[in-house]
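Asks: Here it is, the structure, as structure tokens.
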Amino acid sequence: MWWISGWFLIYASSIFFLIFGIQRLRAERNTTKAVSIDQISVVVPFRNEAQNLVHFLNCIRSQKYQPVQWIFVNDHSTDDFQQLFQSMAEFRFPIRLLHLPPEQQGKKFAIRFGTDHVTTDYCLTMDADVEFGSDYMKSMLAVPAADLVILPVEMTAKRWWHSFFTLEYLFTTLLNRGVAGWSRPVNASGANLLFRVDVFEEVDDLDEHGHILSGDDIYTLRAFRDNGKTIEIVESEDLQVTTATPLSIGEVMDQRVRWLSKSGHVGDLLNNFLGVWAVMLHLSYFLLVIMTIFAPALWFFVLLFVLKTLLDFTLIRMIRTKWNAESVIGLLLFELFYPVYLFALLGSSLFSQPEWKGR
């Protein structure tokens, strides 16, 4: 019983550390000065994403406000994307299509190439596979004028078991915000990231990591952080973009292994410590589950499961206030299988190196 008590105290302390961190982040948020819509250009790198671009361009059509430019950078696509942009010409939106030079490839170079063509103070990077609401650009008027602004990203589910992975991604968001409330952000997503162009040009260190195809977002975060620039995290449903969970488990695992790999390359000691801490917590939880299942009294396992579920639910409620069947299924799957998934993910990262967009 004392094993359960000890683990519960450590896990509960970790959860409440994040909860109070999120509250501190919200209390200290900078609202003194906001970005103007005519200061923003959007850069969207893409490669063989014609199907995704259909939805993205529809989102542009729905906007009540428009930025100065939507700059799309083609990273050597071989699909029929040209037709999509030709169809947008009649709507007279501020869209510009660029093509990455033959000697360059990858999202990082596409973003830098697009940023070189930005004439506004701010650049917003987005992924071609995201969708966003009609008030997205209008809501930019409330974004704080920091050097780097981390905007919200949520994963959506198309199959019932996707709810496990959407919840797992939500936990990374909660972890990032909770830690930022006490110290600093450890993660960012290039799917929805705003930065000052002049500061980006000052701190960009692409020459050091250009050979690593992914990780544009966390390397950008590192560059701004190491140079003492101002960084803000924004929470707003109107400024949230959504991206679909990959359809198959294999695709999801490949995606997560890529994410884990790029985090390791960055060399962020705080992020690495948090990763080790999470592994140790869930390893000990897994061992306790095994021990209690085979204990004479099954109620030890029930107690352990209920306590962890209640703590996780309390943390999730910091962001997700509306619950549906998908949320409940995701929570149950998370409680039952996350330790096993975590160990499978770590094992895959040691023995595989997934391709990224055919490279």
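Here, A, B, ... name the chains of the structure tokens in the order displayed, residue numbers run from 1 inside each chain, and ligands are numbered from 1 in the same displayed order.
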What lies within 10 Å of Lys357 of chain A using only C-alpha atoms, ignoring chain neighbours under 5 positions off, as a list of chain:residue names?
Replies: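 My reading of the contact set: A:Phe46, A:Arg47, A:Asn48, A:Glu49, A:Ser77, A:Gly106, A:Leu213.
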Asks: Return as CSV the residues of segment 23-95 of chain A lying at most 10 Å from segment 168-178 of chain A, together with the closest atom-to-atom pair for each and the distance in Å to one decimal, counting only C-alpha atoms, with rows in chain order and ascending residue number.
Replies:
residue,atom,partner,partner_atom,distance
A:Gln23,CA,A:Gly178,CA,8.0
A:Arg24,CA,A:Gly178,CA,8.3
A:Leu25,CA,A:Arg177,CA,7.1
A:Arg26,CA,A:Arg177,CA,9.3
Asks: Can you pull out the residues contacting segment 278-285 of chain A? Cut-off 9 Å, using only C-alpha atoms, and skip same-chain residues under 4 positions away; I want them as a ChimeraX atom specification.
Replies: /A:4,7,10-11,273-274,289-290,304,338-339,342-343
Asks: Those same residues - C-alpha atoms - I'd like them written as a PDB file, in the first residue's frame.
Replies:
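Output below, filename out06.pdb:
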ATOM      1  CA  ILE A   4       0.761   3.278  -4.118  1.00  0.00           C
ATOM      2  CA  TRP A   7       3.628   7.059  -6.271  1.00  0.00           C
ATOM      3  CA  ILE A  10       4.701  12.177  -6.602  1.00  0.00           C
ATOM      4  CA  TYR A  11       2.235  11.975  -9.501  1.00  0.00           C
ATOM      5  CA  PHE A 273      14.514  16.173 -18.023  1.00  0.00           C
ATOM      6  CA  LEU A 274      10.735  16.364 -18.425  1.00  0.00           C
ATOM      7  CA  VAL A 289      -0.440  -2.023 -12.163  1.00  0.00           C
ATOM      8  CA  ILE A 290       1.251  -5.394 -12.661  1.00  0.00           C
ATOM      9  CA  LEU A 304      -4.683   3.065  -8.407  1.00  0.00           C
ATOM     10  CA  TYR A 338      -0.325   4.894 -22.405  1.00  0.00           C
ATOM     11  CA  PRO A 339       2.586   3.213 -20.550  1.00  0.00           C
ATOM     12  CA  LEU A 342       5.259   5.035 -24.413  1.00  0.00           C
ATOM     13  CA  PHE A 343       7.655   2.098 -24.218  1.00  0.00           C
TER      14      PHE A 343
END
Asks: Show which residues sit within 12 Å of Leu303 of chain A, as number ranges by chain. Count only C-alpha atoms, and ignore same-chain residues fewer than 3 positions away.
Replies: A: 1, 4-5, 8, 288-289, 292-293, 297-300, 306-310
Asks: How would you write, as a ChimeraX atom specification, the set of residues in segment 171-311 of chain A that DSSP gives as strand (DSSP E)?
Replies: /A:192-196,231-233,241-244
Asks: Please produce a file of the residues just selected, as a PDB file, in the first residue's frame, where the atoms kept are C-alpha atoms.
Replies:
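As a result, out-v7.pdb now contains:
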ATOM      1  CA  ASN A 192       0.648  27.956 -35.923  1.00  0.00           C
ATOM      2  CA  LEU A 193       3.621  30.138 -35.003  1.00  0.00           C
ATOM      3  CA  LEU A 194       3.990  33.924 -35.216  1.00  0.00           C
ATOM      4  CA  PHE A 195       7.288  35.818 -35.039  1.00  0.00           C
ATOM      5  CA  ARG A 196       8.865  39.166 -35.793  1.00  0.00           C
ATOM      6  CA  ILE A 231       8.033  34.629 -26.047  1.00  0.00           C
ATOM      7  CA  GLU A 232       4.297  34.399 -25.397  1.00  0.00           C
ATOM      8  CA  ILE A 233       1.856  31.483 -25.381  1.00  0.00           C
ATOM      9  CA  VAL A 241      -5.871  25.438 -35.866  1.00  0.00           C
ATOM     10  CA  THR A 242      -6.716  21.756 -36.149  1.00  0.00           C
ATOM     11  CA  THR A 243      -4.857  18.960 -37.872  1.00  0.00           C
ATOM     12  CA  ALA A 244      -6.075  15.413 -38.429  1.00  0.00           C
TER      13      ALA A 244
END
Asks: With only C-alpha atoms as the counted atoms, please give the residues lying no more than 9 Å from Met126 of chain A, apart from itself and same-chain residues fewer than 5 positions off, as a list in words.
Replies: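 Once the adjacent positions are removed, what remains is Val42, Val43, Val44, Pro45, Ser189, Gly190, Ala191, Asn192, Leu193 and Val241 of chain A.
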Asks: Please dump the current selection as a PDB file, in the first residue's frame; keep C-alpha atoms.
Replies:
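The resulting file, again.pdb, is shown below:
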ATOM      1  CA  VAL A  42       1.490  34.092 -43.698  1.00  0.00           C
ATOM      2  CA  VAL A  43       4.045  31.553 -44.968  1.00  0.00           C
ATOM      3  CA  VAL A  44       2.793  28.050 -45.782  1.00  0.00           C
ATOM      4  CA  PRO A  45       5.393  25.490 -46.905  1.00  0.00           C
ATOM      5  CA  SER A 189       4.426  24.054 -33.392  1.00  0.00           C
ATOM      6  CA  GLY A 190       5.250  25.529 -36.776  1.00  0.00           C
ATOM      7  CA  ALA A 191       1.649  24.751 -37.728  1.00  0.00           C
ATOM      8  CA  ASN A 192       0.648  27.956 -35.923  1.00  0.00           C
ATOM      9  CA  LEU A 193       3.621  30.138 -35.003  1.00  0.00           C
ATOM     10  CA  VAL A 241      -5.871  25.438 -35.866  1.00  0.00           C
TER      11      VAL A 241
END
Asks: From a DSSP pass on the backbone, collect the residues of segment 78-155 of chain A flagged as helix (DSSP H, G or I) and hand them back as an MDAnalysis selection string.
Replies: chainID A and resid 82:91 107:115 136:142
Asks: Give me, as a list of chain:residue names, all polymer residues having an atom no more than 9 Å from segment 83-87 of chain A, counting only C-alpha atoms and skipping those fewer than 3 positions away in the same chain.
Replies: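 Final neighbour list, sorted by chain and number: A:Ala50, A:Leu53, A:Val54, A:Leu57, A:Asp80, A:Glu90, A:Phe91, A:Ile95, A:Arg96, A:Leu97.
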Asks: Deliver the residues from the most recent selection as a file, using C-alpha atoms, as a PDB file, in the first residue's frame.
Replies:
ATOM      1  CA  ALA A  50      -2.939  19.057 -52.955  1.00  0.00           C
ATOM      2  CA  LEU A  53      -4.572  22.514 -49.749  1.00  0.00           C
ATOM      3  CA  VAL A  54      -8.200  22.232 -50.890  1.00  0.00           C
ATOM      4  CA  LEU A  57      -7.760  27.444 -49.366  1.00  0.00           C
ATOM      5  CA  ASP A  80      -1.356  18.670 -59.338  1.00  0.00           C
ATOM      6  CA  GLU A  90     -10.849  34.769 -59.452  1.00  0.00           C
ATOM      7  CA  PHE A  91     -11.385  35.485 -55.734  1.00  0.00           C
ATOM      8  CA  ILE A  95      -2.086  34.835 -52.461  1.00  0.00           C
ATOM      9  CA  ARG A  96       1.443  34.365 -53.776  1.00  0.00           C
ATOM     10  CA  LEU A  97       2.971  31.071 -54.903  1.00  0.00           C
TER      11      LEU A  97
END
Asks: Within 12 Å of Leu247 of chain A, counting only C-alpha atoms, which residues show up once you throw out same-chain ones fewer than 2 positions away? Write them as a VMD selection string, please.
Replies: chain A and resid 156 to 163 165 243 to 245 249 to 255
Asks: Hey, can you spit out that residue selection with C-alpha atoms as a PDB file, in the first residue's frame?
Replies:
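selection01.pdb, written as the output of this step:
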ATOM      1  CA  THR A 156      -8.686  15.850 -34.435  1.00  0.00           C
ATOM      2  CA  ALA A 157      -9.942  12.262 -34.705  1.00  0.00           C
ATOM      3  CA  LYS A 158     -11.434  10.462 -37.705  1.00  0.00           C
ATOM      4  CA  ARG A 159     -11.567   7.011 -36.101  1.00  0.00           C
ATOM      5  CA  TRP A 160     -12.638   6.040 -32.615  1.00  0.00           C
ATOM      6  CA  TRP A 161      -9.140   4.997 -31.509  1.00  0.00           C
ATOM      7  CA  HIS A 162      -7.710   8.324 -32.687  1.00  0.00           C
ATOM      8  CA  SER A 163      -9.074   9.804 -29.454  1.00  0.00           C
ATOM      9  CA  PHE A 165      -3.649  10.181 -29.766  1.00  0.00           C
ATOM     10  CA  THR A 243      -4.857  18.960 -37.872  1.00  0.00           C
ATOM     11  CA  ALA A 244      -6.075  15.413 -38.429  1.00  0.00           C
ATOM     12  CA  THR A 245      -4.486  12.425 -36.731  1.00  0.00           C
ATOM     13  CA  ILE A 249      -1.285   3.349 -36.261  1.00  0.00           C
ATOM     14  CA  GLY A 250       1.925   2.934 -38.267  1.00  0.00           C
ATOM     15  CA  GLU A 251       1.636   6.481 -39.625  1.00  0.00           C
ATOM     16  CA  VAL A 252       0.946   7.853 -36.156  1.00  0.00           C
ATOM     17  CA  MET A 253       3.962   6.046 -34.724  1.00  0.00           C
ATOM     18  CA  ASP A 254       6.189   7.327 -37.534  1.00  0.00           C
ATOM     19  CA  GLN A 255       4.982  10.864 -36.836  1.00  0.00           C
TER      20      GLN A 255
END
Asks: Which of these, A:Leu141, A:Asn271, A:Arg184, A:Lys262, has the shortest distance to His211 of chain A once you count only C-alpha atoms?
Replies: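 Residue with the minimum atom-to-atom distance to His211 of chain A: A:Lys262.
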Asks: Under the rule that only C-alpha atoms are counted, which of A:Asn272, A:Gln105, A:Ser236, A:Ser13 is the nearest residue to Leu151 of chain A?
Replies: A:Ser236
